[in-house]
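Visitor: Sharing a structure with you now.
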Amino acid sequence: MLSSLSNRKPNLSGIGMTSQRARERLLGRLMDQGITSMEVLDVIRSTPRHIFLDEALSHRAYEDVALPIGFKQTISQPYVVARMTEALIKSGSIEKVLEIGTGCGYQTAVMAQLAKSVYTVERIKPLLDKAKKNLRLLKLRNIDFKHVDGSGGWEKHGPFDAIITTAAPQQVPRNLLEQLADGGRLIIPVGGEATQELQLITRRGDEFNAQVLEEVRFVPLLVGHLQH
Ligand code: SAH
């Protein structure tokens, strides 16, 4: 495990005491909502979410809400990041993880502090570039990036112990199921624009067992990839 990020670089610790209090409040909220994994809570506590946001929004970084990051996309709500990460940790190995939908890289940063290696793909190039910059700033080096439509997964690096999808398809992409290792899990929001159900799908041999965790709201998983 890596040491606390905020201790490594003072300028990452953010906006003084207000920020420290806001971070503790956020942790309390996550625990109230049923997050129990100390590993996950510790990583969320030490990950500076404000660096993933534009300056105009950084004062809201430790609120438990999704916020805009441009290109009609959002940074995920901390509770949802915690819930998805915890569900993967509690259900098996997370040595090699694939993430679909890097966005600004916040979920990537959380996962990279818990997994051995993270592979992450994003269809919007400027977002991927920004994520690379953010994650370099945090000195997280166990991450490989690719600019691509992630519904095909990333076959070259599979099979994966865990796949986390942070945009919602109407149906579970077959390629993602195929790239799970035996005992691997896919966590994915499935459904239309209004609300989706968060599914945890476990592979045993050629059988896939889906468990519905809760209702969530993600941006849609879109087809094709964009240069700008
Ligand atoms: N993981 C991010 C959430 C980003 S929002 C966080 O921690 O905040 C979801 C992201 O999925 C968006 O950046 C969107 O561009 C991306 N996305 C949507 N469809 C995709 C696809 N088919 N392939 C790859 N990325 C996709």
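Labels used: A, B, ... for chains in the order of the structure tokens, numbers from 1 for residues in each chain, and numbers from 1 for ligands as shown.
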If you run DSSP on the backbone, which residues of region 49-156 of chain A are strand (DSSP E), as a list in words?

Guide: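 Here are the strand (DSSP E) residues of region 49-156 of chain A: Leu67, Pro68, Ile69, Gly70, Gln73, Thr74, Ile75, Lys96, Val97, Leu98, Glu99, Ile100, Ser117, Val118, Tyr119, Thr120, Val121, Glu122, Ile143, Asp144, Phe145, Lys146 and His147 of chain A.
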
Visitor: Just the residues within 8 Å of region 172-187 of chain A, please, counting only C-alpha atoms, with nothing from its chain fewer than 3 positions along; format it as a list in words.

Guide: Met84, Leu88, Ser91, Gly92, Ser93, Ser151, Gly152, Gly153, Trp154, Glu155, Gly158, Pro159, Phe160, Asp161, Ala162, Ile163, Ile164, Thr165, Pro169, Val190, Leu198, Gln199, Leu200, Ile201, Thr202, Arg203, Arg204 and Gly205 of chain A

Visitor: Could you list the protein, DNA and RNA residues that have any atom within 6 Å of ligand 1, counting only C-alpha atoms and all ligand atoms, and write them as a list in words?

Guide: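 Here is the list of contacting residues: Gln73, Thr74, Ile75, Ser76, Ile100, Gly101, Thr102, Gly103, Cys104, Gly105, Tyr106, Gln107, Val121, Glu122, Arg123, Ile124, Asp149, Gly150, Ser151, Thr166, Ala167, Val219, Pro220, Leu221, Leu222 and Val223 of chain A.
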
Visitor: Env of Val65 (chain A): 9 Å cut, atoms = only C-alpha atoms, seq-sep filter 4 positions within chain, self excluded. Answer as a ChimeraX atom specification.

Guide: /A:60-61,75-79

Visitor: Could you tell me how far CA of Val81 (chain A) lies from CA of Ala194 (chain A), in Å and to one decimal?

Guide: 19.1 Å

Visitor: Between CA of Val40 (chain A) and CA of Gln113 (chain A), measure the distance and give it in Å to one decimal.

Guide: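 Spanning CA of Val40 (chain A) to CA of Gln113 (chain A) is a straight-line distance of 9.3 Å.
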
Visitor: Return as a PyMOL selection string the full set of residues in region 13-216 of chain A whose backbone-based DSSP assignment is alpha helix (DSSP H).

Guide: chain A and resi 16-32+38-46+78-91+106-112+125-137+174-178

Visitor: What does the distance from CA of Glu197 (chain A) to CA of Arg83 (chain A) come to in Å, to one decimal?

Guide: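 A separation of 13.2 Å between them.
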